Amino acid sequence: MQQNILLFFQRIGNGTLDKAASLITWMGQDVAAMAIIALVLWCINKRKGLVMGLILISANTVMNIVKAIVRYPRPFTVIEGLTGKELEGATGYSFPSGHSTNAASLYSSVAVNFRKKGLSFICAAMIVLVGLSRLYLGVHWPTDVLCGIILGICMTFGLNEFLTRLMSDTEKAVRIGWFVGGFLFAAGLFFGILVDFAGADKTAFRDLVTVLAMFGGALLGFGLEEKTVPFSVEGNVRAKFFRYIIGLITLILLRAGLKAILPTAVTSDGFRYGILGFWIYGGYPVLGVKVRLFQAEEKQAEQPQAE
C-alpha cells in the first residue's frame, strides 16, 4: 500500500509539480521555521514567540530521538524504481518525517496561539501540504508523514499551556532555562564528539546533535536577554520591518559564516546551531536594544502600599 502511494506520486510527477513540491517542502525546513519564529518573537508577541519556538524545538528533539532509535530506511533506498528528489534535505533516517513534525508543531502552535479562523485554515493547509510534498519527493513513507504530523500536533497541545504559564513567571523560567539550556547544549556537543571521534552512527545522531545544541543555545540566550536588557516588541511598522530584515540578514550571515570557518564535523554543526539559537533568543535582542532596533521592556512600577 505505502509503496503504491509513492509510485503513484512518481508517475504524476512533472517539472511544475517538482518546483511546487520543493517550495512547499521548504516551508517545513529549519530556515523557514526560524524565520517565522523570529517574526513572532521580535515583532509581534515576545511570549508567544518564546512558547512557539520551544514547542518547535521540543518536537524536533523527540522526533530525532525516535529517528535515532528506530533507524528506518528511506523509501527511495528500498523501493525499486523510486527516485528520491531534494535529497539534500533528506538527512537522517526516515521515521518519523522531520519536515512533517516541523510543520505540524510550528503551524499548529501558530493557530493555537493566535486563534484566527483564516490563519488556522492556512496553518492546517500548510501541515497537509508539507506532508504531501515529502511523499511526492519520494523521501518518506506515508507512515513517516502521518506519525510526524501526529507528533507535532501532540507536542503543541501537550506543551502550549504549560509553557505559557511558565513564561508568565520570568524568574522561574530563567532559572530553568539556564539549567536545562546548559545541559542540552553540552549533551549536543557530547553526541557530536561520539560521532566524530568514537564512530557513533552519523546518520542517526547528526540532526539530534544540532537540535539539542540549538535548544540549549536558545534557552541560554533567553536567560541572557531577560537578565540584562529585556526587550519589547513595540514600535511602528517601519521600525519592526527594519528590525526583522536586519535580524534575518545577520542570522543568514552568521549561519553561512560559521559554516565556512568551522571545521567540517558534526560537533561543529552542533556548535553552529547552538550559536544560532543563542543569537535568535538572546544575542540579537540584547544588541538590538543597545543600538535601538528594539525598545527596552518597561518595568511595571511598584504599587504604593496602602497606609
# chains A, B, ... in the order shown; residues from 1 in each chain; ligands from 1
>>> residues_around(residues="Ala173 (chain A)", least_positions_apart="4", cutoff="12 Å", atoms="only C-alpha atoms", output="list in words")
Arg47, Leu50, Val51, Phe162, Leu163, Thr164, Arg165, Leu166, Met167, Ser168, Asp169, Gly177, Trp178, Phe179, Val180, Gly181, Leu219, Leu220, Phe222, Gly223, Leu224, Glu226 and Lys227 of chain A
>>> residues_around(residues="Asn4 (chain A)", least_positions_apart="4", cutoff="12 Å", atoms="only C-alpha atoms", output="ChimeraX atom specification")
/A:8-11,75,79-82,135,138,141-142
>>> write_last_selection(atoms="C-alpha atoms", output="CSV table (one decimal), in the first residue's frame")
chain,number,residue,atom,x,y,z
A,8,PHE,CA,1.7,6.9,-7.8
A,9,PHE,CA,3.2,10.3,-6.9
A,10,GLN,CA,6.2,9.5,-9.0
A,11,ARG,CA,4.0,8.7,-12.0
A,75,PRO,CA,11.8,4.6,0.7
A,79,ILE,CA,11.7,0.6,-3.5
A,80,GLU,CA,13.0,-0.4,-6.9
A,81,GLY,CA,12.3,2.3,-9.5
A,82,LEU,CA,11.6,5.1,-7.0
A,135,LEU,CA,5.6,11.8,-0.3
A,138,GLY,CA,9.8,10.1,-2.5
A,141,TRP,CA,6.9,6.7,3.7
A,142,PRO,CA,3.2,7.6,4.4
>>> closest_residue(among="A:Trp42, A:Gly152, A:Thr264, A:Leu251", to="Leu293 (chain A)", atoms="only C-alpha atoms")
A:Trp42
